Amino acid sequence: MVTKVLLATPSHEVRDHLGHIFAESDGFELAAAVSDGAGVLTALDRQPDIDIVVVDEAADDGRGHAVARSVGLATPLTGIVMVVDTHSPAEMSRAMAAAMEVGARSVIARNAGLEEVLTRLEAVASWSAMARASIAAERNGGRSGQVVAVAGAKGGVGTSVLALLLARAGRAKDTLLVDLDLGAGDLAAYAGVRTRRSVVDLAAVEGEVTGRMLRETTYEVPGGLRLLPAPSEGERGEAMTQDAVRSVVSALRFESGLAVLDVGAHLDEPRATALEFADRVLLVTTPDLPSLRAARRSLAQWERLAVRRPTTVELVLNRRTPRDEVTPALVERIVERPIAFTVPDGGAAFAGAVNTATLLETPTPVHTAVAEVGVAAIREQAAAALEGTPDGPTEVETLVAGSGRRAGRRAGKRPGRRAGRGKGTDPADPADPEAGQATVELPVVILVALMVVLLLVQGIGWASGLLAARAAAQEGARTVGIHGYYDVLGQPRDDVVDQVRDDVRERLPGSLRAAVGDSDIEVSPDEVSVRVTVSTILPGVDLSASSSAAVYREG
């Protein structure tokens with residue numbers, strides 16, 4: 001994107017010098033050049049898309065600071081740069097202080113070289129873009145881009161691959177993928193690119209990360225993505241700081257539509273900062289007990305360190321197969337978080353794509369699942385915001401319009417009624433059809449409403465019974481899994497069956513416990529079934545709610 005610049009200077013030398021610099025730059029365009037303050041304001045009115053105004057302090061017979069002040073008051077989101085006549089660092093410092101007092105963002109010397117001019121203008125252009133994006137985002141109820149952090153419960157659960165595929169399927173042109181697994185990042189290898197620069201190169205600039213710096217540090221990878229890799233030497237990751245990560249995340253938010261951060265499984269200060277400032281956090285785990293315990297420990301650690309509340313973390317179940325002994329229900333029970341989406345195991349085709357660094361080019365069922373389910377999950381928030389934005393009248397306008405229609409309707413009927421009464425008509429006269437219609441409809445409406453309320457109450461009671469049966473069945477299944485169903489001779493253990501029934505009744509609420517007999521509790525080696533009876537509003541009529549839970553061997 002080209003940044004348009006307006007130059008205000010009476011000096012032909014300054015105009016020629018900066019004009020040559022802009023001609024050599026691909027990122028800046030000299031939109032117009034004027035000699036006084038009146039010309040600046042006129043040019044801004046004619047070209048509202050100007051991003052930067054460069055004002056010579058010699059403009060308007062030496063009143064360039066006054067020109068800069070008037071520009072700042074007229075267009076506060078436009079970046080202002082002062083051209084000053086200085087020759088030493090001390091003079092530049094004083095000139096910078098004077099420029100900031102009138103609203104300028106930076107200063108350049110008259111004889112500044114190409115690199116200095118472009119660097120200072122790039123910083124001002126980045127500030128202007130972020131300010132305008134922030135204002136536009138506040139008007140729209142959100143920020144410009146979305147930052148999604150992908151963390152692993154432990155090493156080897158597929159965090160990097162999932163982050164890569166999410167970024168690949170997220171958006172076509174404005175997606176950035178960042179490898180913050182600073183000690184052992186593999187995204188460059190997965191994408192099949194060789195890198196010399198890395199995210200650590202941005203640590204030195206911290207609060208001045210611009211779009212130009214991101215473009216110079218990132219690499220294009222197949223699929224239209226840009227990758228900001230981790231350092232190839234893991235020890236260099238120690239140079240990354242909290243402030244640097246915060247600056248990078250802020251720049252990503254305004255320079256991309258979607259930024260996916262791979263933070264790995266190890267927690268340190270930089271990655272804790274990324275997790276804290278990300279819009280969405282996905283925690284990746286696999287259907288095995290070590291990974292699930294690690295996921296639970298990670299959530300507890302993030303909460304203790306005030307990094308992220310567990311309720312704001314979305315769980316991703318990776319490498320799921322139909323043969324898994326650990327079901328999604330058990331995953332949610334162990335981690336105590338609902339599963340946001342599930343990714344199937346890729347099999348041999350997926351492993352081959354990983355080993356040949358063709359992951360972005362070889363379609364597999366994993367790619368399809370991430371594209372359909374995973375991207376829908378990370379776009380859920382944006383879609384909800386769009387659905388909440390009305391295209392027609394606002395809610396207040398609708399209410400006002402409805403009130404006006406109702407008021408007009410009543411006002412239109414009152415004169416007729418008054419006229420009728422003036423002629424001696426009875427209010428209950430059959431000639432008034434609305435009065436009779438309201439008399440007939442009111443009891444019917446009340447009866448229908450009462451029936452709906454009773455049905456809702458009954459439905460809530462039945463659902464409560466079903467939930468209680470499910471919880472009791474799971475408790476009984478856990479007892480069977482701990483103690484075992486058969487003895488050493490392979491015979492069913494009556495004591496275990498009795499213990500299961502006692503545990504089931506203990507788990508049920510008191511209002512349902514008395515009505516559950518031994519025949520309502522079925523115990524087998526593979527599952528436990530519980531049936532509870534729920535009373536209804538009709539005398540002599542009861543509803544039953546049944547639920548079963550699979551037995552998992554423990555110990």
# chains A, B, ... in the order shown; residues from 1 in each chain; ligands from 1
$ select_by_dssp --residues "stretch 330-368 of chain A" --states "alpha helix (DSSP H)" --output "MDAnalysis selection string"
chainID A and resid 330:335 347:355 365:368
$ closest_residue --among "A:Leu275, A:Ala188, A:Ala295, A:Val532" --to "A:Thr312" --atoms "only C-alpha atoms"
A:Leu275
$ atom_distance --atom1 "atom CA of A:Leu177" --atom2 "atom CA of A:Val150"
10.8 Å
$ closest_atom_pairs --of "stretch 246-330 of chain A" --to "stretch 358-366 of chain A" --cutoff "12 Å" --atoms "only C-alpha atoms" --output "Markdown table"
| residue | atom | partner | partner_atom | distance |
| --- | --- | --- | --- | --- |
| A:Asn318 | CA | A:Val366 | CA | 9.5 |
| A:Arg319 | CA | A:Val366 | CA | 8.8 |
| A:Arg320 | CA | A:Val366 | CA | 10.3 |
| A:Thr321 | CA | A:Val366 | CA | 11.7 |
$ write_last_selection --atoms "N, CA and C atoms" --output "PDB file, in the first residue's frame"
ATOM      1  N   ASN A 318      -6.640 -33.157  19.041  1.00  0.00           N
ATOM      2  CA  ASN A 318      -5.922 -33.477  17.804  1.00  0.00           C
ATOM      3  C   ASN A 318      -5.673 -34.983  17.706  1.00  0.00           C
ATOM      4  N   ARG A 319      -5.521 -35.470  16.462  1.00  0.00           N
ATOM      5  CA  ARG A 319      -5.212 -36.876  16.168  1.00  0.00           C
ATOM      6  C   ARG A 319      -6.267 -37.834  16.726  1.00  0.00           C
ATOM      7  N   ARG A 320      -7.485 -37.502  16.537  1.00  0.00           N
ATOM      8  CA  ARG A 320      -8.596 -38.326  17.010  1.00  0.00           C
ATOM      9  C   ARG A 320      -8.876 -39.451  16.014  1.00  0.00           C
ATOM     10  N   THR A 321      -9.051 -40.694  16.518  1.00  0.00           N
ATOM     11  CA  THR A 321      -9.397 -41.840  15.678  1.00  0.00           C
ATOM     12  C   THR A 321     -10.572 -42.575  16.311  1.00  0.00           C
TER      13      THR A 321
END
$ closest_residue --among "A:Val71, A:Ala163, A:Ala191, A:Ile21" --to "A:Asp36" --atoms "only C-alpha atoms"
A:Val71
$ closest_residue --among "A:Glu372, A:Glu220, A:Glu57, A:Asp179" --to "A:Ala99" --atoms "only C-alpha atoms"
A:Glu57
$ residues_around --residues "A:Glu29" --least-positions-apart "5" --cutoff "8 Å" --atoms "only C-alpha atoms" --output "ChimeraX atom specification"
/A:2-5,22-23
$ atom_distance --atom1 "atom CA of A:Glu325" --atom2 "atom CA of A:Arg507"
25.2 Å
$ decode --residues "stretch 234-248 of chain A" --atoms "all heavy atoms" --output "PDB file, in the first residue's frame"
ATOM      1  N   GLY A 234      18.569 -21.757  18.787  1.00  0.00           N
ATOM      2  CA  GLY A 234      17.619 -21.638  19.885  1.00  0.00           C
ATOM      3  C   GLY A 234      18.062 -20.709  20.991  1.00  0.00           C
ATOM      4  O   GLY A 234      17.228 -20.064  21.642  1.00  0.00           O
ATOM      5  N   GLU A 235      19.376 -20.593  21.221  1.00  0.00           N
ATOM      6  CA  GLU A 235      19.842 -19.732  22.315  1.00  0.00           C
ATOM      7  C   GLU A 235      19.547 -18.256  22.058  1.00  0.00           C
ATOM      8  O   GLU A 235      19.516 -17.452  22.997  1.00  0.00           O
ATOM      9  CB  GLU A 235      21.337 -19.928  22.557  1.00  0.00           C
ATOM     10  CG  GLU A 235      22.247 -19.560  21.380  1.00  0.00           C
ATOM     11  CD  GLU A 235      22.429 -20.693  20.398  1.00  0.00           C
ATOM     12  OE1 GLU A 235      21.681 -21.690  20.496  1.00  0.00           O
ATOM     13  OE2 GLU A 235      23.314 -20.584  19.539  1.00  0.00           O
ATOM     14  N   ARG A 236      19.332 -17.883  20.786  1.00  0.00           N
ATOM     15  CA  ARG A 236      19.018 -16.491  20.492  1.00  0.00           C
ATOM     16  C   ARG A 236      17.638 -16.089  20.998  1.00  0.00           C
ATOM     17  O   ARG A 236      17.319 -14.909  21.112  1.00  0.00           O
ATOM     18  CB  ARG A 236      19.079 -16.247  18.981  1.00  0.00           C
ATOM     19  CG  ARG A 236      20.478 -16.332  18.385  1.00  0.00           C
ATOM     20  CD  ARG A 236      20.450 -15.855  16.942  1.00  0.00           C
ATOM     21  NE  ARG A 236      19.974 -14.488  16.849  1.00  0.00           N
ATOM     22  CZ  ARG A 236      19.307 -13.996  15.812  1.00  0.00           C
ATOM     23  NH1 ARG A 236      19.015 -14.785  14.790  1.00  0.00           N
ATOM     24  NH2 ARG A 236      18.908 -12.740  15.799  1.00  0.00           N
ATOM     25  N   GLY A 237      16.805 -17.067  21.290  1.00  0.00           N
ATOM     26  CA  GLY A 237      15.473 -16.759  21.797  1.00  0.00           C
ATOM     27  C   GLY A 237      15.478 -16.034  23.121  1.00  0.00           C
ATOM     28  O   GLY A 237      14.479 -15.400  23.486  1.00  0.00           O
ATOM     29  N   GLU A 238      16.594 -16.118  23.854  1.00  0.00           N
ATOM     30  CA  GLU A 238      16.666 -15.421  25.144  1.00  0.00           C
ATOM     31  C   GLU A 238      16.660 -13.907  24.982  1.00  0.00           C
ATOM     32  O   GLU A 238      16.412 -13.183  25.943  1.00  0.00           O
ATOM     33  CB  GLU A 238      17.926 -15.856  25.890  1.00  0.00           C
ATOM     34  CG  GLU A 238      17.960 -17.350  26.216  1.00  0.00           C
ATOM     35  CD  GLU A 238      19.242 -17.756  26.918  1.00  0.00           C
ATOM     36  OE1 GLU A 238      20.106 -16.863  27.098  1.00  0.00           O
ATOM     37  OE2 GLU A 238      19.384 -18.940  27.273  1.00  0.00           O
ATOM     38  N   ALA A 239      16.936 -13.416  23.773  1.00  0.00           N
ATOM     39  CA  ALA A 239      16.927 -11.968  23.551  1.00  0.00           C
ATOM     40  C   ALA A 239      15.516 -11.405  23.458  1.00  0.00           C
ATOM     41  O   ALA A 239      15.328 -10.187  23.517  1.00  0.00           O
ATOM     42  CB  ALA A 239      17.698 -11.635  22.266  1.00  0.00           C
ATOM     43  N   MET A 240      14.518 -12.264  23.300  1.00  0.00           N
ATOM     44  CA  MET A 240      13.137 -11.798  23.182  1.00  0.00           C
ATOM     45  C   MET A 240      12.620 -11.390  24.552  1.00  0.00           C
ATOM     46  O   MET A 240      12.798 -12.109  25.543  1.00  0.00           O
ATOM     47  CB  MET A 240      12.258 -12.909  22.597  1.00  0.00           C
ATOM     48  CG  MET A 240      11.015 -12.404  21.918  1.00  0.00           C
ATOM     49  SD  MET A 240      11.424 -11.451  20.434  1.00  0.00           S
ATOM     50  CE  MET A 240       9.781 -10.949  19.919  1.00  0.00           C
ATOM     51  N   THR A 241      11.967 -10.238  24.623  1.00  0.00           N
ATOM     52  CA  THR A 241      11.471  -9.702  25.884  1.00  0.00           C
ATOM     53  C   THR A 241       9.958  -9.574  25.846  1.00  0.00           C
ATOM     54  O   THR A 241       9.328  -9.675  24.796  1.00  0.00           O
ATOM     55  CB  THR A 241      12.092  -8.333  26.177  1.00  0.00           C
ATOM     56  OG1 THR A 241      11.663  -7.400  25.154  1.00  0.00           O
ATOM     57  CG2 THR A 241      13.610  -8.406  26.193  1.00  0.00           C
ATOM     58  N   GLN A 242       9.383  -9.307  27.009  1.00  0.00           N
ATOM     59  CA  GLN A 242       7.940  -9.097  27.103  1.00  0.00           C
ATOM     60  C   GLN A 242       7.513  -7.892  26.267  1.00  0.00           C
ATOM     61  O   GLN A 242       6.510  -7.950  25.547  1.00  0.00           O
ATOM     62  CB  GLN A 242       7.533  -8.881  28.555  1.00  0.00           C
ATOM     63  CG  GLN A 242       7.640 -10.115  29.433  1.00  0.00           C
ATOM     64  CD  GLN A 242       7.285  -9.802  30.860  1.00  0.00           C
ATOM     65  OE1 GLN A 242       8.081  -9.254  31.614  1.00  0.00           O
ATOM     66  NE2 GLN A 242       6.063 -10.123  31.251  1.00  0.00           N
ATOM     67  N   ASP A 243       8.247  -6.786  26.394  1.00  0.00           N
ATOM     68  CA  ASP A 243       7.887  -5.579  25.657  1.00  0.00           C
ATOM     69  C   ASP A 243       7.969  -5.807  24.149  1.00  0.00           C
ATOM     70  O   ASP A 243       7.137  -5.296  23.389  1.00  0.00           O
ATOM     71  CB  ASP A 243       8.804  -4.419  26.066  1.00  0.00           C
ATOM     72  CG  ASP A 243       8.580  -3.993  27.500  1.00  0.00           C
ATOM     73  OD1 ASP A 243       7.482  -4.246  28.019  1.00  0.00           O
ATOM     74  OD2 ASP A 243       9.505  -3.422  28.102  1.00  0.00           O
ATOM     75  N   ALA A 244       8.968  -6.577  23.723  1.00  0.00           N
ATOM     76  CA  ALA A 244       9.095  -6.846  22.293  1.00  0.00           C
ATOM     77  C   ALA A 244       7.915  -7.666  21.789  1.00  0.00           C
ATOM     78  O   ALA A 244       7.359  -7.384  20.720  1.00  0.00           O
ATOM     79  CB  ALA A 244      10.405  -7.577  22.018  1.00  0.00           C
ATOM     80  N   VAL A 245       7.502  -8.684  22.543  1.00  0.00           N
ATOM     81  CA  VAL A 245       6.350  -9.489  22.135  1.00  0.00           C
ATOM     82  C   VAL A 245       5.090  -8.647  22.104  1.00  0.00           C
ATOM     83  O   VAL A 245       4.261  -8.761  21.189  1.00  0.00           O
ATOM     84  CB  VAL A 245       6.184 -10.694  23.082  1.00  0.00           C
ATOM     85  CG1 VAL A 245       4.875 -11.425  22.805  1.00  0.00           C
ATOM     86  CG2 VAL A 245       7.349 -11.649  22.930  1.00  0.00           C
ATOM     87  N   ARG A 246       4.933  -7.774  23.095  1.00  0.00           N
ATOM     88  CA  ARG A 246       3.745  -6.913  23.121  1.00  0.00           C
ATOM     89  C   ARG A 246       3.710  -5.999  21.895  1.00  0.00           C
ATOM     90  O   ARG A 246       2.655  -5.799  21.279  1.00  0.00           O
ATOM     91  CB  ARG A 246       3.741  -6.081  24.407  1.00  0.00           C
ATOM     92  CG  ARG A 246       2.449  -5.320  24.636  1.00  0.00           C
ATOM     93  CD  ARG A 246       2.499  -4.510  25.921  1.00  0.00           C
ATOM     94  NE  ARG A 246       2.624  -5.371  27.089  1.00  0.00           N
ATOM     95  CZ  ARG A 246       3.698  -5.441  27.855  1.00  0.00           C
ATOM     96  NH1 ARG A 246       4.756  -4.698  27.563  1.00  0.00           N
ATOM     97  NH2 ARG A 246       3.728  -6.225  28.895  1.00  0.00           N
ATOM     98  N   SER A 247       4.860  -5.469  21.501  1.00  0.00           N
ATOM     99  CA  SER A 247       4.922  -4.611  20.321  1.00  0.00           C
ATOM    100  C   SER A 247       4.631  -5.400  19.045  1.00  0.00           C
ATOM    101  O   SER A 247       3.938  -4.918  18.151  1.00  0.00           O
ATOM    102  CB  SER A 247       6.299  -3.950  20.221  1.00  0.00           C
ATOM    103  OG  SER A 247       6.557  -3.147  21.351  1.00  0.00           O
ATOM    104  N   VAL A 248       5.167  -6.621  18.971  1.00  0.00           N
ATOM    105  CA  VAL A 248       4.923  -7.449  17.788  1.00  0.00           C
ATOM    106  C   VAL A 248       3.440  -7.798  17.675  1.00  0.00           C
ATOM    107  O   VAL A 248       2.851  -7.706  16.591  1.00  0.00           O
ATOM    108  CB  VAL A 248       5.790  -8.722  17.844  1.00  0.00           C
ATOM    109  CG1 VAL A 248       5.366  -9.705  16.757  1.00  0.00           C
ATOM    110  CG2 VAL A 248       7.257  -8.371  17.687  1.00  0.00           C
TER     111      VAL A 248
END
